[in-house]
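Structure file coords.cif (mmCIF, C-alpha atoms) is printed below.
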data_data
#
loop_
_atom_site.label_atom_id
_atom_site.label_comp_id
_atom_site.auth_asym_id
_atom_site.auth_seq_id
_atom_site.Cartn_x
_atom_site.Cartn_y
_atom_site.Cartn_z
CA MET A 1 39.06 109.00 150.05
CA ALA A 2 41.51 111.43 151.60
CA ASP A 3 45.17 110.54 151.24
CA ILE A 4 46.76 110.48 154.71
CA ARG A 5 50.13 109.16 153.59
CA SER A 6 52.97 111.15 155.12
CA ASN A 7 56.28 112.31 153.67
CA PHE A 8 58.14 114.01 156.49
CA VAL A 9 61.61 115.27 155.45
CA GLY A 10 61.74 112.40 152.96
CA ILE A 11 60.69 109.80 155.53
CA LYS A 12 57.59 108.10 154.17
CA SER A 13 54.89 106.38 156.22
CA PRO A 14 51.34 105.21 155.46
CA ASN A 15 49.90 107.71 157.95
CA PRO A 16 51.20 110.61 160.07
CA PHE A 17 50.88 108.79 163.40
CA TRP A 18 54.20 107.79 164.91
CA LEU A 19 55.00 106.44 168.35
CA ALA A 20 57.33 108.78 170.23
CA SER A 21 60.62 107.71 171.75
CA ALA A 22 59.57 106.16 175.06
CA PRO A 23 58.94 102.78 176.75
CA PRO A 24 56.52 101.68 173.97
CA THR A 25 59.40 101.74 171.46
CA ASP A 26 62.09 100.12 173.60
CA LYS A 27 62.29 96.77 171.84
CA ALA A 28 61.34 94.87 168.71
CA TYR A 29 58.43 93.06 170.37
CA ASN A 30 56.61 96.32 171.15
CA VAL A 31 57.40 97.96 167.81
CA VAL A 32 56.20 94.97 165.79
CA ARG A 33 52.94 94.95 167.76
CA ALA A 34 52.59 98.66 167.03
CA PHE A 35 53.14 98.18 163.30
CA LYS A 36 50.62 95.34 163.21
CA ALA A 37 48.11 97.68 164.87
CA GLY A 38 48.65 100.24 162.11
CA TRP A 39 51.11 102.86 163.38
CA GLY A 40 52.84 104.68 160.55
CA GLY A 41 56.21 104.88 162.25
CA VAL A 42 58.17 104.87 165.48
CA VAL A 43 60.98 106.77 167.09
CA TRP A 44 63.01 104.05 168.80
CA LYS A 45 63.65 104.69 172.47
CA THR A 46 66.79 106.75 173.01
CA LEU A 47 70.08 104.93 172.53
CA GLY A 48 73.24 105.84 174.43
CA GLU A 49 76.90 105.16 173.77
CA GLU A 50 78.56 101.80 174.18
CA GLY A 51 79.91 101.11 177.65
CA PRO A 52 78.47 100.46 181.08
CA PRO A 53 74.69 99.99 180.81
CA VAL A 54 72.24 102.63 181.98
CA VAL A 55 70.64 101.55 185.27
CA ASN A 56 67.00 102.45 185.89
CA VAL A 57 65.23 102.38 189.25
CA ASN A 58 63.52 99.11 190.13
CA GLY A 59 60.66 100.80 191.93
CA PRO A 60 57.83 103.01 190.70
CA ARG A 61 58.74 105.06 187.64
CA TYR A 62 55.50 106.94 187.07
CA GLY A 63 53.39 109.48 188.90
CA ALA A 64 49.96 110.54 187.69
CA ILE A 65 47.33 113.27 187.69
CA TRP A 66 43.75 112.05 187.28
CA GLY A 67 40.45 113.72 186.48
CA ALA A 68 37.35 113.25 188.61
CA ASP A 69 36.52 110.01 186.75
CA ARG A 70 40.11 108.77 187.26
CA ARG A 71 40.87 109.39 183.63
CA LEU A 72 44.60 109.91 183.23
CA LEU A 73 45.30 113.58 182.53
CA GLY A 74 49.04 113.74 183.11
CA LEU A 75 51.87 111.28 183.60
CA ASN A 76 55.19 111.99 185.27
CA ASN A 77 58.05 109.59 184.60
CA ILE A 78 61.55 109.20 186.02
CA GLU A 79 62.68 106.50 183.59
CA LEU A 80 65.98 107.01 181.80
CA ILE A 81 67.01 106.18 178.23
CA THR A 82 67.17 102.53 177.17
CA ASP A 83 68.88 100.21 179.65
CA ARG A 84 69.35 97.55 176.97
CA ASP A 85 72.81 97.32 175.44
CA LEU A 86 73.49 99.22 172.24
CA GLN A 87 74.24 96.23 170.00
CA THR A 88 71.00 94.49 170.93
CA ASN A 89 69.02 97.60 170.06
CA LEU A 90 70.85 98.08 166.77
CA ARG A 91 70.30 94.46 165.77
CA GLU A 92 66.56 94.69 166.49
CA ILE A 93 66.18 98.02 164.69
CA LYS A 94 67.79 96.52 161.59
CA GLN A 95 65.53 93.46 161.64
CA VAL A 96 62.31 95.40 162.21
CA LYS A 97 63.11 97.87 159.42
CA ARG A 98 63.88 94.97 157.09
CA ASP A 99 60.53 93.33 157.94
CA TRP A 100 58.49 96.56 157.75
CA PRO A 101 60.06 98.62 154.96
CA ASP A 102 56.98 100.82 154.45
CA ARG A 103 57.01 102.12 158.05
CA ALA A 104 59.07 105.02 159.34
CA MET A 105 61.96 104.00 161.58
CA VAL A 106 63.64 106.91 163.33
CA VAL A 107 66.21 106.33 166.08
CA SER A 108 66.55 108.64 169.06
CA ILE A 109 70.12 109.23 170.23
CA MET A 110 71.69 110.82 173.30
CA VAL A 111 75.43 110.71 173.96
CA PRO A 112 77.81 113.08 175.77
CA CYS A 113 78.27 116.51 174.23
CA GLU A 114 81.56 115.54 172.58
CA GLU A 115 82.23 115.32 168.86
CA ASN A 116 83.78 111.85 168.99
CA ALA A 117 80.82 110.40 170.86
CA TRP A 118 78.42 111.50 168.12
CA LYS A 119 80.87 110.59 165.36
CA SER A 120 81.14 107.06 166.74
CA ILE A 121 77.46 106.22 167.14
CA LEU A 122 76.06 107.69 163.93
CA PRO A 123 77.56 105.12 161.50
CA LEU A 124 76.27 102.31 163.73
CA VAL A 125 72.72 103.65 163.53
CA GLU A 126 73.01 104.35 159.81
CA GLU A 127 74.04 100.75 159.15
CA THR A 128 70.69 99.51 160.46
CA GLY A 129 68.87 101.07 157.53
CA ALA A 130 66.96 103.46 159.78
CA ASP A 131 65.20 106.32 158.02
CA GLY A 132 66.49 109.08 160.27
CA ILE A 133 67.69 110.10 163.71
CA GLU A 134 66.17 112.21 166.45
CA LEU A 135 68.56 114.08 168.74
CA ASN A 136 67.26 113.90 172.30
CA PHE A 137 67.87 117.38 173.67
CA GLY A 138 64.86 117.25 175.94
CA CYS A 139 65.07 114.64 178.71
CA PRO A 140 64.73 116.72 181.92
CA HIS A 141 65.70 114.13 184.52
CA GLY A 142 68.54 111.74 185.15
CA MET A 143 70.47 112.32 181.96
CA SER A 144 70.47 116.12 182.22
CA GLU A 145 72.41 115.81 185.47
CA ARG A 146 75.07 114.08 183.36
CA GLY A 147 75.34 116.96 180.89
CA MET A 148 72.95 115.52 178.28
CA GLY A 149 69.28 115.87 177.37
CA ALA A 150 67.76 119.15 178.54
CA ALA A 151 71.16 120.34 179.71
CA VAL A 152 72.08 120.60 176.02
CA GLY A 153 68.62 121.63 174.84
CA GLN A 154 68.64 124.69 177.09
CA VAL A 155 71.79 126.08 175.47
CA PRO A 156 71.23 127.14 171.84
CA GLU A 157 74.97 127.19 171.12
CA TYR A 158 75.27 123.53 172.14
CA ILE A 159 72.29 122.60 169.98
CA GLU A 160 73.78 124.21 166.90
CA MET A 161 77.15 122.58 167.56
CA VAL A 162 75.81 119.04 167.94
CA VAL A 163 73.47 119.36 164.97
CA ARG A 164 76.44 120.42 162.83
CA TRP A 165 78.38 117.35 163.93
CA CYS A 166 75.47 115.08 163.06
CA LYS A 167 74.91 116.64 159.65
CA GLN A 168 78.64 116.20 159.01
CA TYR A 169 78.81 112.53 159.99
CA THR A 170 75.56 111.07 158.67
CA ARG A 171 73.45 111.10 155.52
CA MET A 172 70.27 110.39 157.47
CA PRO A 173 67.72 113.18 158.06
CA VAL A 174 68.28 114.83 161.43
CA ILE A 175 65.30 115.69 163.64
CA THR A 176 66.18 117.80 166.68
CA LYS A 177 63.96 117.16 169.72
CA LEU A 178 63.49 120.30 171.79
CA THR A 179 62.91 120.74 175.50
CA PRO A 180 59.96 122.80 176.73
CA ASN A 181 61.91 123.66 179.87
CA ILE A 182 62.99 126.99 178.44
CA THR A 183 61.60 130.52 178.26
CA ASP A 184 61.50 131.05 174.49
CA ILE A 185 61.18 127.92 172.33
CA ARG A 186 62.08 129.90 169.20
CA LYS A 187 65.73 130.28 170.23
CA PRO A 188 66.62 126.56 170.32
CA ALA A 189 64.62 126.05 167.11
CA ARG A 190 66.63 128.79 165.40
CA ALA A 191 69.86 127.24 166.69
CA ALA A 192 68.90 123.82 165.34
CA LEU A 193 68.09 125.36 161.96
CA ALA A 194 71.41 127.22 161.95
CA GLY A 195 73.15 123.90 162.56
CA GLY A 196 71.43 122.42 159.52
CA THR A 197 68.70 120.30 161.11
CA ASP A 198 66.14 118.83 158.74
CA ALA A 199 63.32 119.19 161.25
CA VAL A 200 62.49 119.71 164.92
CA SER A 201 60.24 117.67 167.18
CA LEU A 202 58.52 118.99 170.30
CA ILE A 203 57.71 119.01 173.04
CA ASN A 204 59.71 116.71 175.22
CA THR A 205 58.50 116.29 178.78
CA ILE A 206 58.07 119.14 181.26
CA ASN A 207 60.02 119.21 184.51
CA SER A 208 57.59 118.31 187.26
CA ILE A 209 56.66 116.83 190.61
CA THR A 210 53.09 115.55 190.40
CA ALA A 211 52.37 114.71 194.04
CA VAL A 212 53.72 114.51 197.57
CA ASN A 213 52.81 111.62 199.85
CA LEU A 214 51.49 113.26 203.01
CA ASP A 215 52.30 110.24 205.16
CA SER A 216 55.94 109.82 204.15
CA PHE A 217 56.38 113.46 203.00
CA ALA A 218 58.24 112.32 199.89
CA PRO A 219 57.50 113.13 196.25
CA GLU A 220 55.79 110.44 194.23
CA PRO A 221 56.85 108.15 192.72
CA THR A 222 58.84 107.35 195.85
CA ILE A 223 62.00 105.25 195.80
CA ASP A 224 63.04 104.10 199.28
CA GLY A 225 61.74 107.25 200.93
CA LYS A 226 63.03 109.72 198.33
CA GLY A 227 61.64 111.21 195.14
CA THR A 228 62.87 113.37 192.29
CA HIS A 229 61.60 115.63 189.55
CA GLY A 230 60.48 113.86 186.42
CA GLY A 231 59.11 114.51 182.94
CA TYR A 232 55.43 115.45 182.63
CA CYS A 233 53.39 114.37 179.60
CA GLY A 234 49.86 113.42 178.60
CA PRO A 235 46.67 115.36 177.72
CA ALA A 236 47.45 118.08 180.29
CA VAL A 237 50.51 119.28 178.34
CA LYS A 238 48.76 119.59 174.96
CA PRO A 239 48.02 123.34 175.27
CA ILE A 240 51.67 124.05 176.08
CA ALA A 241 52.84 121.92 173.17
CA MET A 242 50.44 123.55 170.70
CA ASN A 243 51.62 127.02 171.63
CA MET A 244 55.28 126.06 171.18
CA VAL A 245 54.61 124.41 167.83
CA ALA A 246 52.75 127.53 166.69
CA GLU A 247 55.55 129.81 167.90
CA ILE A 248 58.07 128.00 165.70
CA ALA A 249 55.69 127.71 162.74
CA ARG A 250 54.99 131.47 162.65
CA ASP A 251 58.46 132.73 163.56
CA PRO A 252 59.90 134.47 160.47
CA GLU A 253 63.30 132.90 161.18
CA THR A 254 62.02 129.31 161.34
CA ARG A 255 58.92 129.50 159.14
CA GLY A 256 58.84 126.46 156.90
CA LEU A 257 61.01 124.33 159.21
CA PRO A 258 59.32 120.88 159.37
CA ILE A 259 57.87 120.10 162.79
CA SER A 260 57.01 116.74 164.32
CA ALA A 261 54.43 117.43 167.03
CA ILE A 262 54.49 115.75 170.44
CA GLY A 263 52.44 116.47 173.54
CA GLY A 264 49.14 115.05 174.74
CA ILE A 265 47.93 113.72 171.39
CA THR A 266 45.18 111.22 172.22
CA THR A 267 42.68 111.43 169.34
CA TRP A 268 42.64 112.19 165.62
CA ARG A 269 41.29 115.63 166.47
CA ASP A 270 44.33 116.40 168.63
CA ALA A 271 46.60 115.43 165.74
CA ALA A 272 44.58 117.49 163.25
CA GLU A 273 44.92 120.55 165.49
CA PHE A 274 48.70 120.18 165.58
CA LEU A 275 48.80 119.71 161.81
CA ALA A 276 46.72 122.86 161.35
CA LEU A 277 49.22 124.77 163.50
CA GLY A 278 52.07 123.77 161.22
CA ALA A 279 53.21 120.29 162.25
CA GLY A 280 53.97 117.73 159.55
CA ASN A 281 53.14 114.65 161.62
CA ALA A 282 52.16 113.58 165.13
CA GLN A 283 54.05 111.55 167.71
CA VAL A 284 52.10 109.75 170.45
CA CYS A 285 53.20 108.19 173.72
CA THR A 286 50.99 108.56 176.81
CA ALA A 287 47.79 107.69 174.96
CA ALA A 288 49.32 104.42 173.77
CA MET A 289 50.55 103.66 177.29
CA THR A 290 47.06 104.35 178.61
CA TYR A 291 44.86 102.62 176.04
CA GLY A 292 47.16 100.34 174.03
CA PHE A 293 48.38 100.39 170.46
CA LYS A 294 44.98 99.87 168.81
CA ILE A 295 43.99 103.48 169.48
CA VAL A 296 45.69 104.26 166.17
CA GLU A 297 42.79 102.62 164.34
CA GLU A 298 40.43 105.35 165.59
CA MET A 299 43.02 107.99 164.75
CA ILE A 300 43.36 106.78 161.16
CA THR A 301 39.62 106.38 160.63
CA GLY A 302 38.72 109.66 162.33
CA LEU A 303 41.26 111.74 160.44
CA SER A 304 40.32 110.15 157.10
CA GLU A 305 36.58 110.62 157.59
CA TRP A 306 36.96 114.23 158.75
CA MET A 307 39.14 115.06 155.76
CA ASP A 308 36.60 113.44 153.43
CA GLU A 309 33.77 115.38 155.03
CA LYS A 310 35.62 118.69 154.72
CA GLY A 311 36.96 118.02 151.24
CA HIS A 312 40.64 117.90 152.19
CA ARG A 313 42.51 115.79 149.65
CA ASP A 314 45.73 115.16 151.54
CA LEU A 315 47.74 116.28 154.56
CA ASP A 316 49.12 119.30 152.71
CA ASP A 317 45.59 120.69 152.64
CA ILE A 318 45.65 120.84 156.45
CA ILE A 319 49.24 121.53 157.46
CA GLY A 320 49.68 125.13 158.54
CA ARG A 321 46.10 126.24 157.76
CA ALA A 322 45.65 127.73 161.26
CA THR A 323 49.10 129.30 161.55
CA PRO A 324 48.17 132.66 159.93
CA ASN A 325 45.33 132.99 162.45
CA VAL A 326 47.69 132.80 165.42
CA THR A 327 48.66 136.35 166.29
CA ASP A 328 49.89 138.54 169.14
CA TRP A 329 47.35 140.04 171.53
CA GLN A 330 47.93 143.56 170.23
CA TYR A 331 46.52 142.58 166.83
CA LEU A 332 43.18 141.29 168.14
CA ASN A 333 40.06 143.15 166.99
CA LEU A 334 38.95 145.11 170.06
CA ASN A 335 35.69 146.08 168.32
CA TYR A 336 34.56 142.46 168.07
CA VAL A 337 31.92 141.83 170.75
CA THR A 338 30.14 138.65 171.84
CA LYS A 339 27.50 138.04 174.49
CA ALA A 340 26.59 134.83 176.29
CA HIS A 341 23.24 133.22 175.53
CA ILE A 342 21.59 130.50 177.62
CA ASP A 343 19.36 127.97 175.87
CA GLN A 344 16.50 127.60 178.34
CA ASP A 345 15.44 124.26 176.83
CA LEU A 346 18.86 122.77 177.63
CA CYS A 347 19.42 124.49 180.99
CA ILE A 348 19.25 122.07 183.96
CA LYS A 349 19.09 124.92 186.52
CA CYS A 350 22.29 123.85 188.28
CA GLY A 351 23.38 127.46 188.80
CA ARG A 352 27.05 126.98 188.12
CA CYS A 353 27.09 129.74 185.52
CA HIS A 354 25.47 132.20 187.94
CA ILE A 355 27.74 131.53 190.88
CA ALA A 356 30.90 131.61 188.77
CA CYS A 357 29.88 134.92 187.21
CA GLU A 358 28.54 136.39 190.48
CA ASP A 359 31.55 135.50 192.61
CA THR A 360 34.45 135.81 190.19
CA SER A 361 33.40 137.76 187.12
CA HIS A 362 30.89 140.45 186.14
CA GLN A 363 27.55 139.70 187.83
CA ALA A 364 25.95 139.23 184.42
CA ILE A 365 23.73 136.18 185.04
CA THR A 366 20.50 136.21 187.06
CA ASN A 367 19.46 133.40 189.37
CA MET A 368 15.89 134.45 190.08
CA VAL A 369 13.20 135.92 187.84
CA ASP A 370 9.68 136.62 189.15
CA GLY A 371 10.48 134.62 192.27
CA LYS A 372 11.49 131.52 190.32
CA ARG A 373 14.90 129.92 189.82
CA HIS A 374 15.91 131.15 186.40
CA PHE A 375 19.28 131.84 184.79
CA GLU A 376 19.52 134.49 182.13
CA VAL A 377 22.28 136.75 180.81
CA ILE A 378 22.17 140.47 181.58
CA GLU A 379 23.60 141.70 178.29
CA ALA A 380 24.53 145.15 179.59
CA GLU A 381 26.91 143.54 182.13
CA CYS A 382 28.24 140.67 180.00
CA VAL A 383 31.78 141.22 178.70
CA GLY A 384 31.82 138.01 176.65
CA CYS A 385 34.52 136.39 178.80
CA ASN A 386 33.26 132.82 178.12
CA LEU A 387 33.65 131.60 181.72
CA CYS A 388 30.01 130.52 181.91
CA VAL A 389 30.44 128.37 178.79
CA ASN A 390 33.43 126.62 180.34
CA VAL A 391 31.80 125.83 183.69
CA CYS A 392 28.41 124.75 182.29
CA PRO A 393 28.06 120.93 182.47
CA VAL A 394 25.69 120.80 179.47
CA GLU A 395 27.34 121.04 176.07
CA ASN A 396 25.99 123.88 173.88
CA CYS A 397 23.62 125.08 176.59
CA ILE A 398 25.51 128.38 176.78
CA THR A 399 26.93 129.85 173.58
CA MET A 400 28.73 133.06 172.69
CA GLU A 401 26.85 135.09 170.10
CA PRO A 402 28.59 137.88 168.13
CA LEU A 403 26.84 141.23 167.91
CA ALA A 404 25.90 142.12 164.37
CA ALA A 405 27.69 144.97 162.61
CA GLY A 406 26.47 148.36 163.80
CA VAL A 407 24.79 147.09 166.96
CA MET A 408 25.31 149.12 170.13
CA ASP A 409 27.24 147.44 172.93
CA GLN A 410 25.04 148.18 175.96
CA ARG A 411 27.96 147.90 178.35
CA THR A 412 30.07 150.58 176.67
CA ASP A 413 27.28 152.36 174.76
CA ARG A 414 29.44 152.22 171.61
CA PRO A 415 28.64 150.85 168.19
CA VAL A 416 30.54 147.68 167.37
CA SER A 417 31.39 145.78 164.22
CA PRO A 418 32.48 142.13 164.47
CA THR A 419 34.44 142.06 161.23
CA TYR A 420 36.83 144.21 159.24
CA ALA A 421 38.21 143.44 155.81
CA ASN A 422 41.72 144.00 157.08
CA TRP A 423 41.94 144.49 160.82
CA THR A 424 45.74 144.62 160.76
CA THR A 425 45.60 147.97 158.96
CA HIS A 426 42.41 149.34 160.50
CA PRO A 427 42.92 152.71 162.27
CA ASN A 428 41.35 151.38 165.49
CA ASN A 429 44.04 148.71 165.75
CA PRO A 430 46.70 150.00 168.19
CA ALA A 431 49.44 148.16 166.32
CA ALA A 432 48.36 149.76 163.05
CA LYS A 433 48.50 153.19 164.69
CA VAL A 434 52.04 152.57 165.84
CA ALA A 435 53.06 151.36 162.37
CA ALA A 436 51.48 154.41 160.77
CA GLU A 437 53.32 156.76 163.10
#
Let me see the file written as structure tokens.
Amino acid sequence: MADIRSNFVGIKSPNPFWLASAPPTDKAYNVVRAFKAGWGGVVWKTLGEEGPPVVNVNGPRYGAIWGADRRLLGLNNIELITDRDLQTNLREIKQVKRDWPDRAMVVSIMVPCEENAWKSILPLVEETGADGIELNFGCPHGMSERGMGAAVGQVPEYIEMVVRWCKQYTRMPVITKLTPNITDIRKPARAALAGGTDAVSLINTINSITAVNLDSFAPEPTIDGKGTHGGYCGPAVKPIAMNMVAEIARDPETRGLPISAIGGITTWRDAAEFLALGAGNAQVCTAAMTYGFKIVEEMITGLSEWMDEKGHRDLDDIIGRATPNVTDWQYLNLNYVTKAHIDQDLCIKCGRCHIACEDTSHQAITNMVDGKRHFEVIEAECVGCNLCVNVCPVENCITMEPLAAGVMDQRTDRPVSPTYANWTTHPNNPAAKVAAE
């Protein structure tokens, strides 16, 4: 069987599935339940400095976006870091790690952007026997207004400075958690690497307002008539997270930097996609909050069976396999042509493909043939945009078929070839022309 054991920056766990720093990892009770269910590790909910306790709201903390079947697509939260006192958290972390030595125990930390604050808390965390720390530079609400979280993560110079402090004052591996609320994710990743970080994790939550109550005219969740921006997570953010992971994985300045992926991971397939883009493991939060801790059983089984089926021996066979295939638009093969094809045996004659193409695309799908309701692709008009595939309610009813080498594209009346041995140097590639000049 495939070996799914994980060794992430020296932190070992029986599988690559960790629970992200969030409400599910706020106390020993939850973490023990998670470990019993099979999770490979946790990132303990963010600890703050000793002193007056953090005070969370006592009203609704979550807003949601649902699909048509009320399946949770996105979750917005306005909860702060742990509101339990530091010593209680440290005591529980130490006990859980002692009882579960084979599981990864990483502790998330957020303190003011002052050297002494970091210098003071690091030895306390290290004494618990934790395997590593995660620097929370991502929280977009509540704490950022206090000069922490995303307020630090949006300034590369601050990231590098704090990472240097942490590498100076602890022997534990340092994972730097990045905020997505920034234009170019590569810059904070480069700063973290310059500071000496052992890895980065991303993405943290996205700044958001998910809804407005049209009776009270206040954002939801609403606290006594008022609302605020929160952090958005869940399946809806997965595409954003995958792009940011890929950007770091293929950036020449950060290539090889270990990445812990976060963002909408719900199934083993989601995790495998992140691994293929260059992540070393997968952190999960919203899916556990939606379906409970036992979802990890399906993740473990699904990943193992898929790896067996494909002949992948271990995680190293997967990690980064897709990264070389992520490129910039200018390097795409403009001579590669596909056309839509409708399987008439599967077609239910709903007409969604026709109306989408007729109204918003290229008028390339019929709706009537010989006076009968019939949907068929007009190849001369089809540009291969794939919209019909995405709106069709029947899986595999519409597929995109590549034109064979040498076939004429009826729309442009030019010969096309779907493959080249080395497109990056082919004379028809605009980027190759520029390089040659």
query = Expanded to explicit residues, what is the PyMOL selection byres ((chain A and resi 174) around 12) for this file, as a ChimeraX atom specification?
reply = /A:8-11,106-109,122,126,130-136,162-173,175-177,192-193,195-201,258-260
Subject >> Sel. within 9 Å of pt (73.9, 113.5, 174.7), counting all atoms listed in the file, output as a ChimeraX atom specification >> reply: /A:48-49,109-114,117-118,135-137,143-144,146-149,151-152,162
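Here the question is which of A:Asn335, A:Ser21, A:Asn76, A:Asn243 gets nearest to Gly230 of chain A using all atoms listed in the file, and that residue is A:Asn76.
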The distance between atom CA of Ile355 of chain A and atom CA of Cys392 of chain A is 11.0 Å
The residue from A:Ile4, A:Met400, A:Asp251, A:Ala364 with the smallest atom-to-atom distance to Ile318 of chain A, counting only C-alpha atoms, is A:Ile4
The distance between atom CA of Ala241 of chain A and atom CA of Ala261 of chain A is 7.8 Å
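The space between atom CA of Asn367 of chain A and atom CA of Glu401 of chain A spans 20.7 Å.
Using only C-alpha atoms, the shortest contact distance between Asp343 of chain A and any of A:Val394, A:Ala272, A:Ala322, A:Glu297 is found at A:Val394.
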